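Student: This is run.txt (compact mmCIF, C-alpha atoms).
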# COMPACT_ATOMS: atom_id res chain seq x y z
CA ALA S 761 0.00 0.00 0.00
CA GLU S 762 1.14 3.49 -0.73
CA MET S 763 2.70 5.25 2.22
CA ALA S 764 3.48 8.96 2.29
CA ALA S 765 3.27 10.71 -1.05
CA ALA S 766 6.94 11.40 -1.62
CA ARG S 767 8.91 13.57 -3.96
CA PRO S 768 12.42 12.86 -5.06
CA GLY S 769 14.52 14.16 -2.21
CA GLY S 770 12.30 12.84 0.56
CA GLY S 771 12.68 13.99 4.15
CA GLU S 772 10.93 17.22 4.97
CA ASN S 773 10.35 17.90 1.28
CA ARG S 774 7.60 15.35 1.19
CA LEU S 775 4.26 16.56 0.00
CA VAL S 776 2.61 14.87 2.94
CA SER S 777 4.16 12.96 5.84
CA LEU S 778 1.21 11.13 7.30
CA PRO S 779 0.80 7.67 5.76
CA LEU S 780 -2.13 7.62 3.36
CA SER S 781 -2.80 3.97 4.13
CA ARG S 782 -3.39 4.75 7.81
CA ILE S 783 -5.55 7.78 7.04
CA ARG S 784 -7.56 5.54 4.79
CA VAL S 785 -8.12 2.99 7.57
CA ILE S 786 -9.47 5.70 9.83
CA MET S 787 -11.73 7.11 7.12
CA LYS S 788 -13.09 3.68 6.26
CA SER S 789 -13.94 3.00 9.88
CA SER S 790 -16.89 5.30 9.26
CA PRO S 791 -19.70 2.93 8.34
CA GLU S 792 -21.46 5.25 5.92
CA VAL S 793 -18.40 5.76 3.71
CA SER S 794 -18.30 3.56 0.60
CA SER S 795 -15.25 4.64 -1.31
CA ILE S 796 -12.69 7.37 -1.32
CA ASN S 797 -11.00 8.72 -4.38
CA GLN S 798 -7.25 9.20 -4.34
CA ASP S 799 -7.37 12.99 -4.30
CA ALA S 800 -9.79 13.01 -1.39
CA LEU S 801 -7.49 10.68 0.53
CA PHE S 802 -4.51 12.90 -0.13
CA LEU S 803 -6.40 16.06 0.84
CA THR S 804 -7.61 14.53 4.08
CA ALA S 805 -4.07 13.54 5.01
CA LYS S 806 -2.75 16.97 4.17
CA ALA S 807 -5.58 18.69 6.01
CA THR S 808 -4.82 16.58 9.07
CA GLU S 809 -1.25 17.78 9.03
CA LEU S 810 -2.38 21.38 8.78
CA PHE S 811 -4.78 20.71 11.61
CA VAL S 812 -2.07 19.29 13.88
CA GLN S 813 0.09 22.33 13.24
CA TYR S 814 -2.77 24.73 13.82
CA LEU S 815 -3.84 23.04 17.05
CA ALA S 816 -0.29 22.94 18.38
CA ALA S 817 0.57 26.51 17.45
CA TYR S 818 -2.71 27.96 18.68
CA SER S 819 -2.53 26.10 21.99
CA TYR S 820 1.05 27.14 22.57
CA LYS S 821 0.32 30.76 21.77
CA HIS S 822 -2.71 31.01 24.04
CA GLY S 823 -1.59 28.71 26.79
CA ARG S 824 0.52 28.98 29.89
CA GLY S 825 2.86 26.15 29.05
CA LYS S 826 5.15 28.56 27.29
CA GLU S 827 6.07 30.07 30.64
CA LYS S 828 8.07 26.89 30.99
CA ASN S 829 8.95 26.62 27.30
CA ALA S 830 6.55 23.73 26.83
CA LEU S 831 3.31 22.72 25.21
CA THR S 832 1.18 21.01 27.83
CA TYR S 833 -1.99 19.00 27.89
CA THR S 834 -3.70 21.83 29.73
CA ASP S 835 -2.89 24.22 26.88
CA LEU S 836 -4.68 21.86 24.52
CA SER S 837 -7.69 21.35 26.69
CA HIS S 838 -8.06 25.10 27.15
CA THR S 839 -8.08 25.48 23.39
CA ALA S 840 -10.81 22.88 23.04
CA GLU S 841 -12.92 24.65 25.61
CA GLU S 842 -12.30 28.26 24.63
CA CYS S 843 -11.95 28.26 20.87
CA GLU S 844 -15.10 27.53 18.91
CA THR S 845 -13.25 26.02 15.99
CA PHE S 846 -11.79 23.34 18.24
CA GLN S 847 -14.85 22.68 20.30
CA PHE S 848 -15.44 19.34 18.60
CA LEU S 849 -12.44 18.16 20.62
CA ALA S 850 -13.88 19.10 24.00
CA ASP S 851 -14.97 15.56 24.86
CA ILE S 852 -11.62 13.98 24.15
CA LEU S 853 -9.58 16.74 25.78
CA PRO S 854 -11.40 17.17 29.07
CA LYS S 855 -10.07 19.55 31.66
CA LYS S 856 -8.12 17.87 34.34
CA ILE S 857 -9.27 18.26 37.88
CA LEU S 858 -7.51 17.56 41.14
CA ALA S 859 -8.68 14.29 42.66
CA SER S 860 -9.46 16.05 45.94
CA LYS S 861 -11.68 18.56 44.17
CA TYR S 862 -13.47 15.77 42.35
CA LEU S 863 -14.11 13.93 45.58
CA LYS S 864 -15.54 17.11 47.09
CA MET S 865 -17.82 17.49 44.09
CA LEU S 866 -19.07 13.95 44.51
CA GLU S 867 -19.73 14.50 48.19
CA LYS S 868 -21.62 17.68 47.49
CA GLU S 869 -23.77 15.99 44.86
CA LYS S 870 -24.55 13.22 47.25
CA ARG S 871 -25.52 15.68 50.01
CA ASP S 872 -27.70 17.67 47.64
CA GLY S 873 -29.45 14.46 46.67
CA GLU S 874 -30.03 13.51 50.28
CA VAL S 875 -31.39 16.92 51.26
CA ARG S 876 -33.91 16.74 48.41
CA GLU S 877 -35.07 13.30 49.47
CA ASP S 878 -35.41 14.05 53.16
CA ASP S 879 -37.53 17.18 52.94
CA ASP S 880 -39.37 16.52 56.21
CA GLU S 881 -36.32 16.23 58.34
CA GLY S 882 -34.38 19.20 59.46
CA GLU S 883 -31.13 20.16 57.98
CA GLU S 884 -28.70 17.37 58.36
CA GLU S 885 -25.85 18.08 60.59
CA GLU S 886 -22.86 16.83 58.78
CA ASP S 887 -19.26 16.90 59.55
CA GLU S 888 -17.86 18.62 56.51
CA GLY S 889 -14.26 17.96 57.31
CA GLU S 890 -11.69 19.21 54.85
CA ALA S 891 -11.11 16.60 52.17
CA MET D 815 -11.89 -5.69 8.18
CA ALA D 816 -11.56 -5.48 11.93
CA GLU D 817 -9.24 -2.67 12.88
CA ARG D 818 -6.93 -3.10 15.79
CA PRO D 819 -7.08 -0.09 18.12
CA GLU D 820 -3.61 1.07 17.14
CA ASP D 821 -4.59 1.23 13.48
CA LEU D 822 -6.84 4.16 14.20
CA ASN D 823 -3.88 6.06 15.57
CA LEU D 824 -1.35 7.96 13.57
CA PRO D 825 2.37 7.19 13.88
CA ASN D 826 3.87 8.98 16.89
CA ALA D 827 7.10 9.93 15.20
CA VAL D 828 5.34 11.66 12.33
CA ILE D 829 2.92 13.48 14.61
CA THR D 830 5.80 14.68 16.78
CA ARG D 831 7.67 15.98 13.78
CA ILE D 832 4.65 17.85 12.51
CA ILE D 833 4.09 19.42 15.93
CA LYS D 834 7.71 20.50 16.16
CA GLU D 835 7.48 22.17 12.77
CA ALA D 836 4.68 24.34 14.13
CA LEU D 837 6.39 25.44 17.33
CA PRO D 838 9.44 27.57 18.04
CA ASP D 839 12.70 25.66 18.30
CA GLY D 840 13.40 23.94 21.57
CA VAL D 841 9.86 23.93 22.93
CA ASN D 842 9.16 20.75 24.90
CA ILE D 843 6.10 18.73 24.12
CA SER D 844 4.91 16.57 26.98
CA LYS D 845 4.07 12.97 26.18
CA GLU D 846 0.55 13.69 27.30
CA ALA D 847 0.25 16.62 24.95
CA ARG D 848 1.62 14.62 22.05
CA SER D 849 -0.74 11.78 22.71
CA ALA D 850 -3.65 14.18 23.01
CA ILE D 851 -2.82 15.82 19.69
CA SER D 852 -2.57 12.43 18.05
CA ARG D 853 -6.03 11.52 19.28
CA ALA D 854 -7.33 14.89 18.18
CA ALA D 855 -5.93 14.25 14.72
CA SER D 856 -7.77 10.95 14.46
CA VAL D 857 -10.98 12.63 15.56
CA PHE D 858 -10.36 15.32 12.98
CA VAL D 859 -10.12 12.69 10.24
CA LEU D 860 -13.40 11.13 11.35
CA TYR D 861 -15.15 14.48 11.55
CA ALA D 862 -13.82 15.60 8.18
CA THR D 863 -14.77 12.30 6.58
CA SER D 864 -18.27 12.44 7.94
CA CYS D 865 -18.68 16.01 6.78
CA ALA D 866 -17.23 15.29 3.33
CA ASN D 867 -19.47 12.28 3.04
CA ASN D 868 -22.52 14.45 3.57
CA PHE D 869 -21.49 16.53 0.58
CA ALA D 870 -20.98 13.41 -1.51
CA MET D 871 -24.40 12.13 -0.55
CA LYS D 872 -25.95 15.49 -1.43
CA GLY D 873 -24.40 15.06 -4.85
CA LYS D 874 -25.77 11.51 -4.99
CA ARG D 875 -22.27 10.07 -5.22
CA LYS D 876 -20.85 7.15 -3.33
CA THR D 877 -17.26 8.12 -3.73
CA LEU D 878 -15.75 10.93 -1.72
CA ASN D 879 -13.88 13.29 -3.98
CA ALA D 880 -11.57 16.27 -3.58
CA ALA D 881 -14.37 18.83 -3.73
CA ASP D 882 -16.17 17.08 -0.89
CA VAL D 883 -13.14 17.33 1.34
CA LEU D 884 -12.62 21.00 0.50
CA SER D 885 -16.27 21.73 1.21
CA ALA D 886 -15.92 19.91 4.50
CA MET D 887 -12.99 22.11 5.50
CA GLU D 888 -15.06 25.18 4.85
CA GLU D 889 -17.98 23.77 6.78
CA MET D 890 -15.74 22.95 9.72
CA GLU D 891 -14.44 26.51 9.73
CA PHE D 892 -10.97 25.67 8.54
CA GLN D 893 -11.06 28.06 5.60
CA ARG D 894 -7.43 28.88 6.26
CA PHE D 895 -6.58 25.40 4.97
CA LEU D 896 -8.22 25.86 1.59
CA ALA D 897 -5.43 27.73 -0.21
CA PRO D 898 -2.57 25.47 0.90
CA LEU D 899 -4.71 22.39 0.23
CA LYS D 900 -5.52 23.43 -3.30
CA GLU D 901 -1.89 24.18 -3.97
CA SER D 902 -0.74 20.83 -2.64
CA LEU D 903 -3.44 19.07 -4.60
CA GLU D 904 -2.15 20.50 -7.84
CA VAL D 905 1.34 19.25 -7.12
CA TYR D 906 -0.01 15.88 -6.07
CA ARG D 907 -2.06 15.49 -9.22
CA ARG D 908 0.93 16.30 -11.37
CA GLU D 909 3.00 13.72 -9.54
CA GLN D 910 0.32 11.07 -9.85
CA LYS D 911 0.00 11.79 -13.53
CA GLY D 912 3.73 11.36 -13.96
CA LYS D 913 3.66 8.07 -12.10
CA LYS D 914 0.75 6.81 -14.15
CA GLU D 915 2.51 7.59 -17.39
CA ALA D 916 5.62 5.85 -16.16
CA ARG D 917 3.55 2.79 -15.36
CA LYS D 918 1.94 2.81 -18.79
CA ASP D 919 5.33 2.97 -20.48
CA LYS D 920 6.51 0.08 -18.38
CA ASP D 921 3.54 -2.03 -19.43
CA LYS D 922 3.96 -1.21 -23.08
CA LYS D 923 7.53 -2.45 -23.03
CA ALA D 924 6.59 -5.84 -21.56
CA ASP D 925 5.69 -8.72 -23.85
CA SER D 926 2.12 -10.08 -23.91
CA GLU D 927 2.70 -12.74 -21.26
CA GLU D 928 4.02 -10.20 -18.83
CA GLN D 929 1.18 -7.89 -19.71
CA ASP D 930 -1.30 -10.51 -18.59
CA LYS D 931 0.63 -10.94 -15.38
CA SER D 932 0.73 -7.22 -14.63
CA ARG D 933 -2.95 -6.90 -15.45
CA GLU D 934 -3.56 -9.49 -12.77
CA GLU D 935 -1.43 -7.53 -10.36
CA ASP D 936 -3.32 -4.39 -11.26
CA ASN D 937 -6.54 -6.08 -10.26
CA ASP D 938 -5.07 -7.14 -6.97
CA ASP D 939 -3.83 -3.67 -6.15
CA ASP D 940 -5.91 -2.05 -3.47
CA ASP D 941 -8.86 -0.08 -4.71
CA GLU D 942 -6.92 3.15 -4.64
CA ARG D 943 -6.07 2.55 -8.26
CA MET D 944 -9.65 1.73 -9.18
CA GLU D 945 -10.76 4.86 -7.44
CA GLU D 946 -8.31 6.84 -9.49
CA GLU D 947 -10.07 5.63 -12.60
CA GLU D 948 -13.41 6.37 -11.04
CA GLN D 949 -12.23 9.88 -10.48
CA ASN D 950 -11.44 10.25 -14.15
CA ASP D 951 -14.98 9.27 -14.97
CA GLU D 952 -16.53 11.83 -12.75
CA GLU D 953 -14.00 14.55 -13.24
CA GLU D 954 -15.41 17.68 -11.76
CA VAL D 955 -14.08 21.19 -11.74
CA ASP D 956 -12.79 21.51 -8.22
CA ASN D 957 -11.28 24.95 -8.28
Any chance you could put this one into structure tokens?
Tutor:
Amino acid sequence: AEMAAARPGGGENRLVSLPLSRIRVIMKSSPEVSSINQDALFLTAKATELFVQYLAAYSYKHGRGKEKNALTYTDLSHTAEECETFQFLADILPKKILASKYLKMLEKEKRDGEVREDDDEGEEEEDEGEA
Amino acid sequence: MAERPEDLNLPNAVITRIIKEALPDGVNISKEARSAISRAASVFVLYATSCANNFAMKGKRKTLNAADVLSAMEEMEFQRFLAPLKESLEVYRREQKGKKEARKDKDKKADSEEQDKSREEDNDDDDERMEEEEQNDEEEVDN
């Protein structure tokens, strides 16, 4: 199967670096797709490269990772949340949350649920120790 | 064909190189960030394919073509990709044309027995070649 579309010279002079065969596998995993013409395959691969560059550059520019000369996961997840163009990535790039905060959230949800259920009883006295 | 999970991922080395090309020299990319971008790229392919496929279906075609992908980019709000994509496509088409002509010359030179053999091979080639011919049948003005 054809790999990257190469020009004589190779290396970074390639027209596209991502392997067309792999792009094709991903595209074909969509059940409603019957066939893909060669140009469409090439364009998708090329577009994906442009996308990777755009996502990386945008996230770096708008993120805090650069304070430490790095591109971090948080930079990416901010982009997905804040930039409309990248919002389709929000589900796969969720914000990270400290475990302790998450546990607090769970506790609060549980308490809220209990208060709603036990309307007759007075406010529950609970020991809300620091998590 | 059942895909193994790793087949839906793009090669790490290539993704890393592409990322580095987009960032200033010396910027570190955490493993987590790289992996996240790789996943995002796969999702992008799926999204673009689905979108392009809608355009193909609107045109009552079963084969995704170049115009469908370009329309998808616009729909997804990646208009900035259109110019570089069209440019690359032109180069790609020229290269493919050159390759095709080289193949034809090669076949002509072979004697009839070998021609039968290579015709067999042609049929076994993955449908990328068949799709190329399909494209010639439904040649549309893309630009």
Student: Would you pick out the contacts of Pro838 of chain D at 12 Å or less, using only C-alpha atoms, so that residues sharing its chain but fewer than 4 positions from it are not included, and give the list as a short mmCIF file (atom, residue, chain, number, x, y, z; two decimals) with C-alpha atoms, in the coordinates of the input?
Tutor:
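Output (part_15.cif):
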data_model
loop_
_atom_site.label_atom_id
_atom_site.label_comp_id
_atom_site.auth_asym_id
_atom_site.auth_seq_id
_atom_site.Cartn_x
_atom_site.Cartn_y
_atom_site.Cartn_z
CA GLN S 813 0.09 22.33 13.24
CA ALA S 816 -0.29 22.94 18.38
CA ALA S 817 0.57 26.51 17.45
CA TYR S 820 1.05 27.14 22.57
CA LYS S 821 0.32 30.76 21.77
CA LYS S 826 5.15 28.56 27.29
CA ASN S 829 8.95 26.62 27.30
CA ALA S 830 6.55 23.73 26.83
CA LEU S 831 3.31 22.72 25.21
CA ILE D 833 4.09 19.42 15.93
CA LYS D 834 7.71 20.50 16.16
CA ASN D 842 9.16 20.75 24.90
CA ILE D 843 6.10 18.73 24.12
#
Student: The residues within 12 Å of (-1.2, 26.9, 1.9), using all atoms listed in the file and the coordinates of the file, should be reported as a list of chain:residue names; which are they?
Tutor: S:Leu775, S:Lys806, S:Ala807, S:Glu809, S:Leu810, D:Phe892, D:Gln893, D:Arg894, D:Phe895, D:Leu896, D:Ala897, D:Pro898, D:Leu899, D:Lys900, D:Glu901, D:Ser902, D:Leu903, D:Glu904
Student: Tell me, in Å to one decimal, how far atom CA of Phe848 of chain S is from atom CA of Tyr861 of chain D.
Tutor: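 Going from atom CA of Phe848 of chain S over to atom CA of Tyr861 of chain D, I get 8.6 Å.
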Student: Restricting the calculation to only C-alpha atoms, which member of D:Thr863, D:Gln910, D:Thr830, D:Ser844 is positioned closest to Val812 of chain S?
Tutor: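 Answer, going by the shortest atom-to-atom distance: D:Thr830.
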Student: Show me which bits of chain S are within 8 Å of chain D, counting all atoms listed in the file, as JSON, numbers by chain.
Tutor: {"S": [761, 765, 775, 777, 778, 782, 783, 785, 786, 787, 789, 790, 792, 793, 794, 795, 796, 797, 798, 799, 800, 802, 803, 804, 806, 807, 808, 809, 810, 811, 812, 813, 814, 815, 816, 817, 820, 826, 829, 830, 831, 832, 833, 836, 845, 849, 852, 853]}
Student: Mind giving me the straight-line distance from atom CA of Leu866 of chain S to atom CA of Asp851 of chain S in Å, one decimal?
Tutor: 20.1 Å
Student: Between atom CA of Thr834 of chain S and atom CA of Lys855 of chain S, what is the distance, to one decimal in Å?
Tutor: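 Answer for the atom CA of Thr834 of chain S to atom CA of Lys855 of chain S separation: 7.0 Å.
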